[in-house]
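Everything on this sheet refers to the single structure shown next.
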There are 4 protein chains.
Amino acid sequence: MTKPYNIGMIGYGFMGRAHSNAYANVSHFFDLEYKPVLKAVCARDKDKAQAFAKQWGYESIETDWKKLLARKDIDAVDICTPNNLHKEIAIAAAEAGKAILCEKPLAMDAKEGEEMCRAVEKAKVPNIVWYNYRRVPAVTFAKQLIDSGKLGKIFHYRANFLQDWTISADLPQGGAGLWRLDAAAAGSGVTGDLLAHCIDTAIWLNGGIANVTAMTETFIKERKHTLTGKVEKVGIDDACAFLCRFDNGSLGLFESTRYARGHKALYTFEINGEKASIKWDLHDLHRLQWFDHRTEGPLRGWSSVHVTDGEHPYMGKWWVPGLAIGYESSFVHQVADFLTGLAQGQPVSPTFRDALETQKICDAVLSSARSGAWTDVG
Amino acid sequence: MTKPYNIGMIGYGFMGRAHSNAYANVSHFFDLEYKPVLKAVCARDKDKAQAFAKQWGYESIETDWKKLLARKDIDAVDICTPNNLHKEIAIAAAEAGKAILCEKPLAMDAKEGEEMCRAVEKAKVPNIVWYNYRRVPAVTFAKQLIDSGKLGKIFHYRANFLQDWTISADLPQGGAGLWRLDAAAAGSGVTGDLLAHCIDTAIWLNGGIANVTAMTETFIKERKHTLTGKVEKVGIDDACAFLCRFDNGSLGLFESTRYARGHKALYTFEINGEKASIKWDLHDLHRLQWFDHRTEGPLRGWSSVHVTDGEHPYMGKWWVPGLAIGYESSFVHQVADFLTGLAQGQPVSPTFRDALETQKICDAVLSSARSGAWTDVG
Amino acid sequence: MTKPYNIGMIGYGFMGRAHSNAYANVSHFFDLEYKPVLKAVCARDKDKAQAFAKQWGYESIETDWKKLLARKDIDAVDICTPNNLHKEIAIAAAEAGKAILCEKPLAMDAKEGEEMCRAVEKAKVPNIVWYNYRRVPAVTFAKQLIDSGKLGKIFHYRANFLQDWTISADLPQGGAGLWRLDAAAAGSGVTGDLLAHCIDTAIWLNGGIANVTAMTETFIKERKHTLTGKVEKVGIDDACAFLCRFDNGSLGLFESTRYARGHKALYTFEINGEKASIKWDLHDLHRLQWFDHRTEGPLRGWSSVHVTDGEHPYMGKWWVPGLAIGYESSFVHQVADFLTGLAQGQPVSPTFRDALETQKICDAVLSSARSGAWTDVG
Amino acid sequence: MTKPYNIGMIGYGFMGRAHSNAYANVSHFFDLEYKPVLKAVCARDKDKAQAFAKQWGYESIETDWKKLLARKDIDAVDICTPNNLHKEIAIAAAEAGKAILCEKPLAMDAKEGEEMCRAVEKAKVPNIVWYNYRRVPAVTFAKQLIDSGKLGKIFHYRANFLQDWTISADLPQGGAGLWRLDAAAAGSGVTGDLLAHCIDTAIWLNGGIANVTAMTETFIKERKHTLTGKVEKVGIDDACAFLCRFDNGSLGLFESTRYARGHKALYTFEINGEKASIKWDLHDLHRLQWFDHRTEGPLRGWSSVHVTDGEHPYMGKWWVPGLAIGYESSFVHQVADFLTGLAQGQPVSPTFRDALETQKICDAVLSSARSGAWTDVG
């Protein structure tokens with residue numbers, strides 16, 4: 001028998017949609033003990049909440065997240081607000097005994113993140129952070145390959161996340177859709193928004209980062225603020241790059257920017273091991289590039305593996321070989337795994353505590369960019 | 001106000017799942033007057049029908065398609081059976097006044113298809129065939145580019161659909177999942193299964209085909225039959241290739257096989273026009289390859305357009321630039337367009353009549369392969 | 001001790017340059033008993049002959065090829081004239097006891113080719129035809145892989161040669177550089193010029209072709225003739241496609257055109273075997289695409305092999321891994337192999353007799369295009 | 001009338017061959033006032049010198065470079081020795097009034113380089129350094145595009161040079177072919193060998209570099225030394241990465257390693273400008289990737305420009321569109337440009353002075369890697 005699992009969603013933006021799609025579809029593809037029920041959506045603007053509820057089939061709405069947390073019929077809260085609200089809501093949700101699925105980055109900084117971790121750990125509520133790229137089948141497959149030892153000792157890790165949507169100086173900062181340009185709401189720019197993804201994947205695949213040296217830049221120094229109507233200083237980093245050393249001795253190179261003309265959301269990583277190497281990019285997320293030194297010499301080359309077979313992670317649940325799934329399915333997989341963990345009474349990674357590690361690295365990166373010095377990760 | 005639109009699904013296989021997913025999701029992404037309701041699924045095996053109903057949320061089941069057609073609470077019937085049942089069900093459904101969404105190919109041959117066309121036209125019921133690739137955004141975009149005149153006069157059209165899943169002689173024919181290898185159930189092999197897709201896209205993009213010369217081959221002559229348990233002659237074509245002339249004077253080259261080692265479901269097409277050319281392939285279905293002769297000489301090259309922007313067909317309904325959708329979304333788009341046509345009282349392509357044209361070309365191809373002669377399309 | 005080997009070149013066009021480059025460089029990279037000496041170049045236009053001789057270091061010139069053949073100090077004649085002169089020169093050269101390196105296609109048709117074969121066989125002179133693509137390292141490597149049995153039984157062979165340089169109706173026919181558009185000089189259009197390359201490679205890699213069905217088209221029916229100054233009917237095929245059956249039971253698909261907008265000289269082939277598949281294209285001639293079914297399931301993919309290692313054919317003679325050589329090196333390799341055969345007293349493929357097979361297939365293709373019927377290869 | 005230009009080559013290794021090939025071929029493709037004559041090759045080992053002279057057609061040999069410099073019949077000296085000999089030979093050559101073509105990197109460090117610059121400037125002898133990648137047609141074309149303003153303001157520059165040939169711990173250091181692993185002969189590891197190429201291209205395309213922060217690693221700490229026969233400490237950097245700021249405000253990211261499994265000689269760069277972006281890689285050196293924001297929105301994509309047209313830099317001298325040239329041609333182009341400059345009495349870039357800038361950046365990189373601090377370029 002499937003048991004209903006009641007979701008309370010806070011937020012209705014891009015991520016609110018992506019998560020709702022995951023709750024709505026997960027039980028069509030995965031056999032799970034729990035079945036998500038779209039119980040309530042919460043947004044300050046009542047009309048928007050109602051429109052969103054209608055579109056996605058939420059049974060009810062709230063306009064105050066505290067009321068949502070007070071409801072007995074909500075099992076889990078999904079936090080899709082701007083970053084500056086994560087901490088307050090998450091701590092209150094933990095105190096209300098709700099499971100929490102929180103958008104990334106976990107918090108504005110590691111200090112906030114630490115408080116959130118303590119709250120969920122004290123309350124013993126299931127918790128997870130939406131670093132969804134771990135569950136793109138090709139990325140999960142990369143994890144399996146690394147864990148199986150097929151790459152051997154790792155020498156190099158490089159990742160970047162390149163976009164180009166903020167090149168125009170006419171783009172304002174702040175408000176719906178643009179809060180990511182507003183330091184007060186976002187905390188940082190590309191570091192928390194994009195590099196956080198790269199870092200989460202990296203530490204999952206390659207272990208901890210010991211220290212970093214970083215550089216940031218804000219190419220456009222002032223932008224009109226949507227909320228104040230005035231031209232204001234831009235407080236976020238438009239671009240950030242850093243070098244680092246992993247605990248396992250490998251060297252890391254990370255870069256992110258919103259000024260890389262021609263790239264929409266090009267998240268790529270490459271890992272070079274003694275025996276094999278791996279590459280992946282989000283623009284062709286259904287492929288894994290694979291080089292295996294054990295192949296007979298003259299036949300060695302980079303293979304483009306179309307990760308759509310039944311034996312690839314998650315793919316047995318979808319269509320037939322050769323037919324790719326999309327970006328949104330990574331969220332479906334995260335819900336499937338989360339609900340499986342729930343049934344088994346097991347935490348599912350990345351927990352708040354796992355995500356705190358990424359936060360610490362982001363803090364070290366931003367600190368190093370200010371000081372110019374190599375900086376140890378907290 | 002959205003109006004419910006009650007779907008009766010016949011079949012529960014691969015296509016039953018793909019279509020159910022489309023009905024379940026279309027209203028989350030598209031604002032439509034009609035909202036599909038998964039009213040009933042029909043399958044001869046009661047347990048399978050129930051399991052499917054539970055997985056996808058169908059409200060009820062039937063084990064006899066005639067009973068499904070007799071129900072007053074069904075607005076539209078979706079035919080996902082093997083090809084040899086399409087005709088009987090479709091004609092009965094038309095007579096029962098149901099709208100029909102029929103899997104491709106329309107029928108076992110053009111004669112059957114003609115009867116089906118007459119039935120739906122007489123009954124004046126909405127009808128459409130699931131040639132879903134027309135609604136992959138990159139393919140729809142190709143159609144827009146051609147219709148806008150950007151390619152100019154067309155010289156060449158080439159397409160192929162390459163698979164490798166039947167190379168093993170141990171694979172049996174017939175029965176669930178393998179009826180596509182059984183001529184009695186499928187009518188033909190790759191011609192109806194794969195080339196039909198290529199042909200549907202081709203005549204949509206490039207107009208009618210006048211005549212063809214074809215070659216077929218059955219590499220493995222005998223296979224065990226799942227239903228009889230005996231080794232029986234294989235009646236389908238394992239591979240088929242043909243040359244043709246389009247009505248517009250361009251030359252066509254088509255090939256399909258299930259013996260192309262290394263290709264899972266590689267449907268590709270390329271169109272060469274006087275001013276520009278286009279390429280697409282299903283393995284990277286979110287990209288369109290584009291060559292524009294009007295570009296400044298030394299900068300001319302094939303562009304890989306990542307068809308994920310809001311201004312690309314259908315994509316404004318999904319995520320943000322750079323984030324790809326999957327194979328299954330093409331069905332969502334077809335439902336969206338079908339329901340839009342319903343609200344407007346307009347037929348939506350490919351209707352049964354449109355799909356009959358593909359059937360005629362398939363017939364001419366198979367006839368030419370037998371005779372060795374150039375053959376006019378019916 | 002290296003022995004001088006005196007070359008007499010007839011012609012000074014594109015191929016005259018490519019061959020001269022090969023003679024000039026072969027001994028820098030290959031250790032050979034014979035070292036080519038650029039003894040004489042022959043052209044009707046004395047100024048052009050002198051300019052060419054100076055540029056490439058030919059020791060002398062001739063303006064009458066018969067005089068060249070009469071010279072005692074010429075060991076081998078290289079025929080780089082338009083196709084309609086091959087036969088007469090080759091037969092005379094054979095009678096004069098010269099070794100012959102003849103540009104492809106061998107002749108205007110198989111009848112001429114047969115006469116040429118008889119002449120060189122009677123005179124017992126070394127002879128070879130410049131189907132240079134056999135000696136692109138990636139193509140030679142493909143041959144090795146096939147011969148080693150790594151592909152197993154072959155099911156499919158497809159090749160095309162796509163160009164776009166004659167789309168403009170303003171391009172005249174005939175005369176220097178444009179004789180390929182003039183049926184009187186070229187014999188045929190893309191069939192002899194481009195498909196002949198595809199066919200030569202195909203029969204080398206995959207064995208004989210039994211029969212064909214073909215289609216040709218001349219998109220622009222009339223062009224100004226450079227020599228007469230008048231608008232004249234175009235006698236060549238602008239495009240040609242054919243289906244065929246190989247002697248080994250595999251199916252073939254070939255296409256060539258000069259109207260494929262966006263392709264400069266895109267010669268590609270793909271071979272699908274039971275165990276593995278191969279793809280190659282001239283635009284990236286240093287790469288071989290390889291799919292090996294024996295790879296562990298989830299890791300299977302198409303590998304892009306950068307054919308630049310010392311263990312790859314010919315590459316041990318060049319630079320270091322990762323550094324590609326160019327188109328022109330295929331000619332260097334052909335000269336190296338030709339001179340090696342000479343030292344060993346062995347014929348080197350493709351001999352005139354080998355090239356005659358391609359001529360017969362071209363004849364069958366053109367005949368089928370006229371008749372519309374499947375046609376056996378002579 | 002062409003004038004002979006007598007070359008004295010010092011060294012006979014990989015670069016000796018690449019340069020000899022350039023001298024031997026340049027006049028076949030370029031119309032130049034000066035024609036190189038392979039006058040003498042110098043190597044300590046007489047047999048090797050003689051073998052090299054025979055293979056490439058050098059008229060004579062020397063076993064002492066001082067004797068070579070003393071010869072009146074030598075116009076220019078080409079220095080292809082290990083890095084630790086560059087300075088002494090170059091200064092002596094300048095004093096002997098010889099033109100100098102020196103392998104890169106210019107010197108062991110900037111101090112040496114400065115002395116060499118002063119020597120050639122005092123002697124007023126033509127001088128150039130073999131940073132050959134500037135003259136790969138696609139790279140030269142990139143320079144033209146940037147200089148034309150097509151990219152607009154530059155935001156990002158990233159480059160890497162990845163190899164994998166030293167991963168095995170069994171590989172010794174020192175001696176012929178392996179002097180690049182020996183700090184005494186090479187000065188540094190990947191920094192001088194590989195990053196120097198990336199830096200030379202970068203400052204040519206994007207201007208000066210202001211400051212850097214760097215990280216180096218030596219993965220294998222000890223290797224047997226070929227000359228001493230003993231296991232000795234490895235003094236070179238196996239890997240090096242650095243962040244930097246260019247004078248124009250753009251951010252730079254550079255990485256090089258010989259431990260990137262799967263990459264033979266993958267030199268890549270990417271430049272992101274406000275209006276357009278460029279990518280290139282050495283493994284497919286005949287292609288330039290180009291993204292142009294001015295393209296009509298939905299058609300924007302990365303174009304793969306096959307840099308083989310007559311209107312592309314240098315390509316009008318070679319074959320026909322679609323036919324790629326190889327790595328070695330970049331040296332041919334450098335000789336052509338050098339001889340053109342000679343005829344015009346103009347210095348040709350990169351002169352010793354130009355190459356000194358790269359040396360200074362390498363010094364800053366190595367210094368920063370030691371100190372851990374951001375370091376200004378000398």
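We label chains A, B, ... in the order they appear in the structure tokens, count residues from 1 in each chain, and number ligands from 1 in the order shown.
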Restrict the distance test to only C-alpha atoms, flag each residue of chain A within 10 Å of chain C, and return the flagged residues as a list in words.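 The selection requested is Phe141, Leu145, Arg287, Leu288, Gln289, Trp290, Phe291, Asp292, Thr295, Gly297, Pro298, Leu299, Arg300, Gly301, Trp302, Ser303, Ser304, Val305, His306, Val307, Thr308, Asp309, Gly310, Glu311, His312 and Pro313 of chain A.
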Long-range neighbours of Asp193 (chain A) as an MDAnalysis selection string, 8 Å cut-off, only C-alpha atoms, 6 positions minimum in chain: chainID A and resid 104:105 180
Could those selected residues go to a file with N, CA and C atoms, as an mmCIF file, in the first residue's frame?
```
data_model
loop_
_atom_site.group_PDB
_atom_site.id
_atom_site.type_symbol
_atom_site.label_atom_id
_atom_site.label_comp_id
_atom_site.auth_asym_id
_atom_site.auth_seq_id
_atom_site.Cartn_x
_atom_site.Cartn_y
_atom_site.Cartn_z
ATOM 1 N N LYS A 104 19.109 24.931 -2.814
ATOM 2 C CA LYS A 104 20.507 25.263 -2.599
ATOM 3 C C LYS A 104 20.734 26.706 -2.967
ATOM 4 N N PRO A 105 21.774 27.407 -2.530
ATOM 5 C CA PRO A 105 22.677 26.927 -1.495
ATOM 6 C C PRO A 105 21.941 26.871 -0.160
ATOM 7 N N ARG A 180 18.674 37.094 -7.808
ATOM 8 C CA ARG A 180 20.018 36.504 -7.841
ATOM 9 C C ARG A 180 21.119 37.539 -8.101
#
```
Between B:Pro172, B:Trp130, B:Pro347, B:Ile7, which residue has the minimum interatomic distance to Gly229 (chain B), considering only C-alpha atoms?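 Closest residue, counting only C-alpha atoms: B:Pro172.
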One residue among D:Val332, D:Gly322, D:Gly378, D:Trp65 is nearest to Asp164 (chain C) when using only C-alpha atoms, and that residue is D:Gly322
Extract, using only C-alpha atoms, all DNA, RNA and protein residues at most 10 Å from Gly189 (chain B), discarding same-chain residues fewer than 4 positions from it, and format them as number ranges by chain. B: 179-183, 193-195, 216, 218, 234-240, 256-258
Take the residues from that selection and write them out as a PDB file, in the first residue's frame, keeping C-alpha atoms.
```
ATOM      1  CA  TRP B 179       5.452  -8.111 -31.575  1.00  0.00           C
ATOM      2  CA  ARG B 180       7.443  -5.671 -33.694  1.00  0.00           C
ATOM      3  CA  LEU B 181       9.396  -8.674 -35.043  1.00  0.00           C
ATOM      4  CA  ASP B 182       6.209 -10.556 -35.928  1.00  0.00           C
ATOM      5  CA  ALA B 183       4.848  -9.719 -39.362  1.00  0.00           C
ATOM      6  CA  ASP B 193       8.191   1.025 -37.290  1.00  0.00           C
ATOM      7  CA  LEU B 194      11.046   3.389 -38.098  1.00  0.00           C
ATOM      8  CA  LEU B 195      10.959   4.615 -41.693  1.00  0.00           C
ATOM      9  CA  THR B 216      14.949  -4.611 -48.025  1.00  0.00           C
ATOM     10  CA  THR B 218      15.994  -9.882 -43.499  1.00  0.00           C
ATOM     11  CA  VAL B 234      10.814 -14.109 -39.996  1.00  0.00           C
ATOM     12  CA  GLY B 235       8.387 -12.140 -42.129  1.00  0.00           C
ATOM     13  CA  ILE B 236       9.528  -8.625 -41.414  1.00  0.00           C
ATOM     14  CA  ASP B 237      12.202  -6.473 -43.026  1.00  0.00           C
ATOM     15  CA  ASP B 238      15.263  -6.063 -40.774  1.00  0.00           C
ATOM     16  CA  ALA B 239      16.582  -3.264 -42.946  1.00  0.00           C
ATOM     17  CA  CYS B 240      15.151  -1.075 -45.672  1.00  0.00           C
ATOM     18  CA  SER B 256      16.478   2.155 -41.602  1.00  0.00           C
ATOM     19  CA  THR B 257      17.826  -0.913 -39.883  1.00  0.00           C
ATOM     20  CA  ARG B 258      17.997  -2.719 -36.583  1.00  0.00           C
TER      21      ARG B 258
END
```
Mind checking DSSP for region 276-323 of chain A and telling me the strand (DSSP E) residues as a short mmCIF file (atom, residue, chain, number, x, y, z; two decimals) with N, CA and C atoms, in the first residue's frame?
```
data_model
loop_
_atom_site.label_atom_id
_atom_site.label_comp_id
_atom_site.auth_asym_id
_atom_site.auth_seq_id
_atom_site.Cartn_x
_atom_site.Cartn_y
_atom_site.Cartn_z
N ALA A 276 41.78 6.25 -16.00
CA ALA A 276 40.66 6.66 -16.84
C ALA A 276 40.27 8.09 -16.53
N SER A 277 39.54 8.69 -17.45
CA SER A 277 39.07 10.06 -17.26
C SER A 277 37.60 10.15 -17.64
N ILE A 278 36.96 11.19 -17.10
CA ILE A 278 35.52 11.41 -17.29
C ILE A 278 35.28 12.88 -17.57
N LYS A 279 34.34 13.13 -18.48
CA LYS A 279 33.88 14.51 -18.71
C LYS A 279 32.35 14.51 -18.80
N TRP A 280 31.76 15.60 -18.39
CA TRP A 280 30.31 15.72 -18.50
C TRP A 280 29.98 17.19 -18.72
N ASP A 281 28.88 17.44 -19.43
CA ASP A 281 28.37 18.82 -19.46
C ASP A 281 26.86 18.84 -19.51
N ARG A 287 24.84 12.50 -21.79
CA ARG A 287 26.06 11.86 -22.29
C ARG A 287 27.16 11.95 -21.24
N LEU A 288 27.98 10.89 -21.19
CA LEU A 288 29.18 10.93 -20.37
C LEU A 288 30.35 10.64 -21.29
N GLN A 289 31.36 11.49 -21.23
CA GLN A 289 32.57 11.27 -22.02
C GLN A 289 33.53 10.44 -21.18
N TRP A 290 34.07 9.40 -21.78
CA TRP A 290 34.81 8.41 -21.01
C TRP A 290 36.07 8.01 -21.77
N PHE A 291 37.22 8.07 -21.10
CA PHE A 291 38.46 7.62 -21.70
C PHE A 291 39.04 6.54 -20.81
N ASP A 292 39.32 5.39 -21.36
CA ASP A 292 39.79 4.26 -20.58
C ASP A 292 41.16 3.82 -21.10
N TRP A 302 38.25 9.01 -26.62
CA TRP A 302 37.17 9.44 -25.75
C TRP A 302 35.87 8.88 -26.30
N SER A 303 35.16 8.14 -25.45
CA SER A 303 33.87 7.58 -25.83
C SER A 303 32.76 8.49 -25.36
N SER A 304 31.77 8.64 -26.21
CA SER A 304 30.59 9.39 -25.82
C SER A 304 29.51 8.37 -25.47
N VAL A 305 29.32 8.19 -24.16
CA VAL A 305 28.35 7.19 -23.71
C VAL A 305 26.97 7.86 -23.59
N HIS A 306 26.02 7.34 -24.33
CA HIS A 306 24.65 7.85 -24.31
C HIS A 306 23.96 7.15 -23.13
#
```
Near Met15 (chain A), within 9 Å and counting only C-alpha atoms, which residues show up once chain neighbours fewer than 6 positions away are dropped, as a PDB file with N, CA, C and O atoms, in the first residue's frame?
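Final file, selection-v2.pdb:
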```pdb
ATOM      1  N   CYS A  80      11.618  27.027  -1.330  1.00  0.00           N
ATOM      2  CA  CYS A  80      12.058  27.543  -2.636  1.00  0.00           C
ATOM      3  C   CYS A  80      12.108  29.061  -2.637  1.00  0.00           C
ATOM      4  O   CYS A  80      11.860  29.687  -3.668  1.00  0.00           O
ATOM      5  N   THR A  81      12.425  29.641  -1.526  1.00  0.00           N
ATOM      6  CA  THR A  81      12.503  31.095  -1.426  1.00  0.00           C
ATOM      7  C   THR A  81      13.902  31.571  -1.804  1.00  0.00           C
ATOM      8  O   THR A  81      14.821  30.764  -1.920  1.00  0.00           O
ATOM      9  N   GLU A 103      16.025  24.374  -1.031  1.00  0.00           N
ATOM     10  CA  GLU A 103      16.785  24.734  -2.227  1.00  0.00           C
ATOM     11  C   GLU A 103      18.233  25.061  -1.853  1.00  0.00           C
ATOM     12  O   GLU A 103      18.536  25.412  -0.723  1.00  0.00           O
TER      13      GLU A 103
END
```
For region 47-54 of chain D, find every residue with an atom within 9 Å (counting only C-alpha atoms), except residues of its own chain fewer than 4 positions away, and show them as a VMD selection string. (chain C and resid 28) or (chain D and resid 11 to 12 17 38 40 to 43 58 to 63)
For the residues in the current selection, export all heavy atoms as a short mmCIF file (atom, residue, chain, number, x, y, z; two decimals), in the first residue's frame.
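Done, and the output landed in part33.cif:
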```cif
data_model
loop_
_atom_site.label_atom_id
_atom_site.label_comp_id
_atom_site.auth_asym_id
_atom_site.auth_seq_id
_atom_site.Cartn_x
_atom_site.Cartn_y
_atom_site.Cartn_z
N HIS C 28 62.02 12.42 -46.72
CA HIS C 28 62.30 13.04 -45.42
C HIS C 28 61.72 12.21 -44.29
O HIS C 28 62.17 12.31 -43.15
CB HIS C 28 61.70 14.45 -45.34
CG HIS C 28 62.29 15.40 -46.35
ND1 HIS C 28 61.61 16.47 -46.84
CD2 HIS C 28 63.49 15.41 -46.97
CE1 HIS C 28 62.36 17.12 -47.71
NE2 HIS C 28 63.51 16.49 -47.81
N GLY D 11 70.86 21.00 -33.70
CA GLY D 11 69.91 20.05 -33.11
C GLY D 11 69.27 19.21 -34.20
O GLY D 11 69.25 19.61 -35.37
N TYR D 12 68.76 18.05 -33.79
CA TYR D 12 68.22 17.13 -34.80
C TYR D 12 67.05 16.34 -34.24
O TYR D 12 66.69 15.27 -34.72
CB TYR D 12 69.31 16.16 -35.27
CG TYR D 12 69.91 15.40 -34.11
CD1 TYR D 12 69.35 14.20 -33.67
CD2 TYR D 12 71.00 15.93 -33.40
CE1 TYR D 12 69.86 13.54 -32.57
CE2 TYR D 12 71.52 15.26 -32.30
CZ TYR D 12 70.95 14.08 -31.90
OH TYR D 12 71.43 13.43 -30.81
N ARG D 17 63.45 18.40 -36.87
CA ARG D 17 62.72 17.85 -38.01
C ARG D 17 61.60 18.80 -38.47
O ARG D 17 61.42 19.04 -39.66
CB ARG D 17 62.12 16.49 -37.66
CG ARG D 17 63.17 15.43 -37.36
CD ARG D 17 62.52 14.16 -36.82
NE ARG D 17 61.77 13.47 -37.84
CZ ARG D 17 60.49 13.10 -37.73
NH1 ARG D 17 59.82 13.36 -36.63
NH2 ARG D 17 59.88 12.49 -38.73
N LEU D 38 69.27 24.41 -47.08
CA LEU D 38 69.67 23.63 -45.90
C LEU D 38 71.19 23.43 -45.97
O LEU D 38 71.67 22.44 -46.48
CB LEU D 38 68.91 22.31 -45.87
CG LEU D 38 67.39 22.46 -45.76
CD1 LEU D 38 66.68 21.12 -45.86
CD2 LEU D 38 66.99 23.17 -44.47
N ALA D 40 73.74 23.49 -43.43
CA ALA D 40 74.49 22.65 -42.49
C ALA D 40 73.64 22.32 -41.29
O ALA D 40 72.82 23.12 -40.85
CB ALA D 40 75.75 23.40 -42.02
N VAL D 41 73.90 21.12 -40.75
CA VAL D 41 73.28 20.75 -39.49
C VAL D 41 74.39 20.43 -38.50
O VAL D 41 75.42 19.84 -38.88
CB VAL D 41 72.31 19.55 -39.64
CG1 VAL D 41 73.00 18.31 -40.16
CG2 VAL D 41 71.62 19.25 -38.30
N CYS D 42 74.17 20.84 -37.26
CA CYS D 42 75.21 20.66 -36.25
C CYS D 42 74.71 19.79 -35.11
O CYS D 42 73.63 20.04 -34.56
CB CYS D 42 75.62 22.04 -35.73
SG CYS D 42 76.78 21.96 -34.35
N ALA D 43 75.47 18.78 -34.76
CA ALA D 43 75.15 17.94 -33.60
C ALA D 43 76.46 17.37 -33.07
O ALA D 43 77.39 17.13 -33.84
CB ALA D 43 74.21 16.81 -34.00
N TYR D 58 70.61 18.27 -45.90
CA TYR D 58 71.59 19.31 -45.52
C TYR D 58 72.88 19.06 -46.28
O TYR D 58 73.32 17.91 -46.43
CB TYR D 58 71.83 19.27 -44.00
CG TYR D 58 70.73 19.96 -43.23
CD1 TYR D 58 69.63 19.24 -42.79
CD2 TYR D 58 70.79 21.34 -42.97
CE1 TYR D 58 68.60 19.88 -42.10
CE2 TYR D 58 69.77 21.97 -42.29
CZ TYR D 58 68.67 21.24 -41.86
OH TYR D 58 67.66 21.88 -41.18
N GLU D 59 73.49 20.12 -46.72
CA GLU D 59 74.68 20.00 -47.56
C GLU D 59 75.92 19.58 -46.77
O GLU D 59 76.86 19.02 -47.34
CB GLU D 59 74.95 21.33 -48.27
CG GLU D 59 73.83 21.72 -49.23
CD GLU D 59 74.09 23.06 -49.91
OE1 GLU D 59 75.20 23.63 -49.72
OE2 GLU D 59 73.19 23.54 -50.62
N SER D 60 75.93 19.90 -45.48
CA SER D 60 77.14 19.62 -44.70
C SER D 60 76.77 19.44 -43.24
O SER D 60 75.64 19.71 -42.85
CB SER D 60 78.13 20.79 -44.82
OG SER D 60 77.53 21.98 -44.29
N ILE D 61 77.76 19.02 -42.44
CA ILE D 61 77.51 18.89 -41.01
C ILE D 61 78.63 19.59 -40.22
O ILE D 61 79.72 19.84 -40.74
CB ILE D 61 77.43 17.41 -40.55
CG1 ILE D 61 78.81 16.73 -40.66
CG2 ILE D 61 76.38 16.64 -41.33
CD1 ILE D 61 78.91 15.46 -39.83
N GLU D 62 78.28 19.88 -38.96
CA GLU D 62 79.27 20.34 -37.99
C GLU D 62 79.01 19.58 -36.69
O GLU D 62 77.88 19.17 -36.44
CB GLU D 62 79.13 21.86 -37.72
CG GLU D 62 79.40 22.76 -38.90
CD GLU D 62 80.87 22.77 -39.34
OE1 GLU D 62 81.73 22.33 -38.52
OE2 GLU D 62 81.14 23.20 -40.46
N THR D 63 80.04 19.44 -35.89
CA THR D 63 79.84 18.80 -34.58
C THR D 63 80.09 19.78 -33.43
O THR D 63 79.94 19.44 -32.27
CB THR D 63 80.75 17.58 -34.40
OG1 THR D 63 82.10 18.00 -34.60
CG2 THR D 63 80.40 16.48 -35.39
#
```
For Ala99 (chain C): contacts at 7 Å, only C-alpha atoms, fewer than 4 positions along chain excluded, given as a tab-separated table (two decimals) with N, CA and C atoms, in the first residue's frame:
```tsv
chain	number	residue	atom	x	y	z
C	75	ASP	N	61.88	7.55	-65.36
C	75	ASP	CA	61.51	6.21	-64.93
C	75	ASP	C	60.00	6.01	-64.84
C	76	ALA	N	59.33	7.06	-64.38
C	76	ALA	CA	57.90	6.92	-64.15
C	76	ALA	C	57.18	8.17	-64.61
C	77	VAL	N	55.98	7.96	-65.12
C	77	VAL	CA	55.17	9.07	-65.58
C	77	VAL	C	53.97	9.22	-64.65
C	125	VAL	N	54.75	-3.01	-66.70
C	125	VAL	CA	55.27	-1.83	-66.00
C	125	VAL	C	54.51	-1.62	-64.70
C	126	PRO	N	55.21	-1.17	-63.66
C	126	PRO	CA	54.52	-0.86	-62.40
C	126	PRO	C	53.45	0.19	-62.65
C	127	ASN	N	52.30	0.01	-62.01
C	127	ASN	CA	51.21	0.95	-62.25
C	127	ASN	C	50.35	1.08	-60.99
```
